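Structure first, then comments.
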Amino acid sequence: MNGSGNANAGVRQRSNAIIGAVRKGDIMIKHRHGMAPVGVGIKIGQLFSRGNSDLIHAGVASSPTTIVEMDGHGLQENNLLTTNSAFTYDVFRCRDENLAAGAGETAIMMREGMAAGGFNIQYTVGGAFGSLLPGNAAASSNRINGTLDQLLAGNAQSFFCSGHVVYCYLAAMEQMQFTQQRMREHFSLEAVDYNPSFLQQHLARNRHFAFIGRVRGARLI
């Protein structure tokens, strides 16, 4: 018997390797962790909305180990291996790789603009709770150019977590010149109408997205 040829025989290949579990553009929806007031408040509000009320936050992966997300400090990029290592996420991947990359780049561009001091991007608690109400159909509205014009003029722009996620995708679709029908196949409502639990429910039922699995510390669990 050739021992070297069977060194890996019977060894299950790891499916939770860090590289590959998460990709840029993945949508990451966080499970409630602890008793932070905002998270508890969103959970309570979502009890009367749609989806799993324990899903209280969302962000866009900017790399296999980082996430861009709106929080009380504005638009942040956090590390899944360190600052966010204790959090559990449901991860969804867009089947259109170019669209996923475009949404990821939109999130990165907005974050870098804020980090450089040129953009005033704020978190809106009111927007988060407003997302619990019935929504409006998504429409092409020159999102990215309009937002950039406002930011470059020194005006603040406000987002909440899951709304910013959907905004990045809608903006990317506009830049890629999607038809309105094709846009609505991905997200039928405006970005402000998706709270975290409803976003998870929507993605789980949408043929343009695949559920990758549950992730903690950038690993599938």
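Identifiers in the structure tokens: chain A, B, ... in order shown; residue index from 1 per chain; ligand index from 1 in order shown.
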
Contact residues around stretch 24-34 of chain A with only C-alpha atoms at 9 Å, ignoring same-chain residues under 6 positions, as JSON, numbers by chain:
{"A": [40, 43, 53, 54, 55, 56, 57, 58, 59, 60, 61, 62, 63, 64, 66, 67, 86, 87, 88, 89, 90, 91, 92, 93, 94, 97, 99, 100, 101, 102, 103, 104, 105, 107, 162, 165, 169, 196, 197, 199, 200, 215]}

In Å, how far is it from atom CA of A:Asn84 to atom CA of A:Arg216?
8.4 Å

Might you pull out every residue within 12 Å of A:Thr179, with only C-alpha atoms counted and same-chain residues fewer than 4 positions away left off, and present them as a list of chain:residue names?
A:Ala138, A:Ala139, A:Ser140, A:Leu170, A:Met173, A:Glu174, A:Gln175, A:Met183, A:Arg184, A:Glu185, A:His186

Residues within 6 Å of A:Ala191, only C-alpha atoms, excluding chain neighbours under 4 positions, as a count of residues only
3

Close residues, A:Thr82 itself excluded, 10 Å, only C-alpha atoms, min 2 positions apart in chain, as a ChimeraX atom specification:
/A:65-66,78-80,84-86,217-218

Dump as a PDB file, in the first residue's frame, selection limited to N, CA, C and O atoms:
ATOM      1  N   THR A  65     -13.043  38.997   4.909  1.00  0.00           N
ATOM      2  CA  THR A  65     -12.929  39.133   6.363  1.00  0.00           C
ATOM      3  C   THR A  65     -13.416  40.480   6.889  1.00  0.00           C
ATOM      4  O   THR A  65     -13.199  40.789   8.064  1.00  0.00           O
ATOM      5  N   THR A  66     -14.075  41.288   6.058  1.00  0.00           N
ATOM      6  CA  THR A  66     -14.534  42.601   6.529  1.00  0.00           C
ATOM      7  C   THR A  66     -15.959  42.874   6.051  1.00  0.00           C
ATOM      8  O   THR A  66     -16.420  42.324   5.048  1.00  0.00           O
ATOM      9  N   ASN A  78     -15.790  46.976   9.565  1.00  0.00           N
ATOM     10  CA  ASN A  78     -15.354  46.203  10.714  1.00  0.00           C
ATOM     11  C   ASN A  78     -14.827  44.841  10.284  1.00  0.00           C
ATOM     12  O   ASN A  78     -15.166  44.338   9.210  1.00  0.00           O
ATOM     13  N   ASN A  79     -13.989  44.266  11.149  1.00  0.00           N
ATOM     14  CA  ASN A  79     -13.320  43.012  10.838  1.00  0.00           C
ATOM     15  C   ASN A  79     -14.099  41.838  11.431  1.00  0.00           C
ATOM     16  O   ASN A  79     -14.409  41.824  12.627  1.00  0.00           O
ATOM     17  N   LEU A  80     -14.398  40.866  10.592  1.00  0.00           N
ATOM     18  CA  LEU A  80     -15.154  39.700  11.043  1.00  0.00           C
ATOM     19  C   LEU A  80     -14.346  38.790  11.951  1.00  0.00           C
ATOM     20  O   LEU A  80     -14.913  37.955  12.668  1.00  0.00           O
ATOM     21  N   ASN A  84     -15.865  41.980  15.121  1.00  0.00           N
ATOM     22  CA  ASN A  84     -17.180  41.351  14.931  1.00  0.00           C
ATOM     23  C   ASN A  84     -17.130  39.830  15.073  1.00  0.00           C
ATOM     24  O   ASN A  84     -18.032  39.133  14.621  1.00  0.00           O
ATOM     25  N   SER A  85     -16.093  39.311  15.695  1.00  0.00           N
ATOM     26  CA  SER A  85     -15.892  37.856  15.723  1.00  0.00           C
ATOM     27  C   SER A  85     -16.961  37.106  16.510  1.00  0.00           C
ATOM     28  O   SER A  85     -17.173  35.910  16.275  1.00  0.00           O
ATOM     29  N   ALA A  86     -17.656  37.773  17.429  1.00  0.00           N
ATOM     30  CA  ALA A  86     -18.660  37.091  18.253  1.00  0.00           C
ATOM     31  C   ALA A  86     -20.030  37.054  17.602  1.00  0.00           C
ATOM     32  O   ALA A  86     -20.929  36.355  18.083  1.00  0.00           O
ATOM     33  N   GLY A 217     -17.220  34.763  12.769  1.00  0.00           N
ATOM     34  CA  GLY A 217     -15.776  34.868  12.650  1.00  0.00           C
ATOM     35  C   GLY A 217     -15.274  34.541  11.253  1.00  0.00           C
ATOM     36  O   GLY A 217     -14.187  33.983  11.082  1.00  0.00           O
ATOM     37  N   ALA A 218     -16.085  34.880  10.230  1.00  0.00           N
ATOM     38  CA  ALA A 218     -15.762  34.638   8.808  1.00  0.00           C
ATOM     39  C   ALA A 218     -15.786  33.161   8.427  1.00  0.00           C
ATOM     40  O   ALA A 218     -15.392  32.804   7.333  1.00  0.00           O
TER      41      ALA A 218
END

Could you pull out the alpha helix (DSSP H) residues of stretch 49-172 of chain A from DSSP and send them as a ChimeraX atom specification?
/A:97-115,125-130,143-152,161-172

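All residues of stretch 61-193 of chain A that DSSP, run on the backbone, classes as strand (DSSP E) are Ala61, Ser62, Ser63, Thr66, Ile67, Val68, Glu69, Met70, Asp71, Gly74, Leu75, Gln76, Glu77, Asn78, Asn79, Thr88, Tyr89, Asp90, Val91, Phe92, Arg93, Cys94, Ile121, Gln122, Tyr123, Gln157, Ser158 and Phe159 of chain A.
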
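The interatomic distance for the pair atom CA of A:Val68 and atom CA of A:Ala172 works out to 15.6 Å.
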
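In this structure, atom CA of A:Ala204 sits 23.1 Å away from atom CA of A:Phe159.
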
Do you know which residues are at most 7 Å from A:Tyr123 counting only C-alpha atoms, after dropping those on the same chain fewer than 3 positions away, and could you put them as a ChimeraX atom specification?
/A:70-72,74,158-160

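Shortest separation to A:Ala153 among A:Ser141, A:Asn120, A:Thr106, A:Gln76 occurs at residue A:Asn120, atoms counted being only C-alpha atoms.
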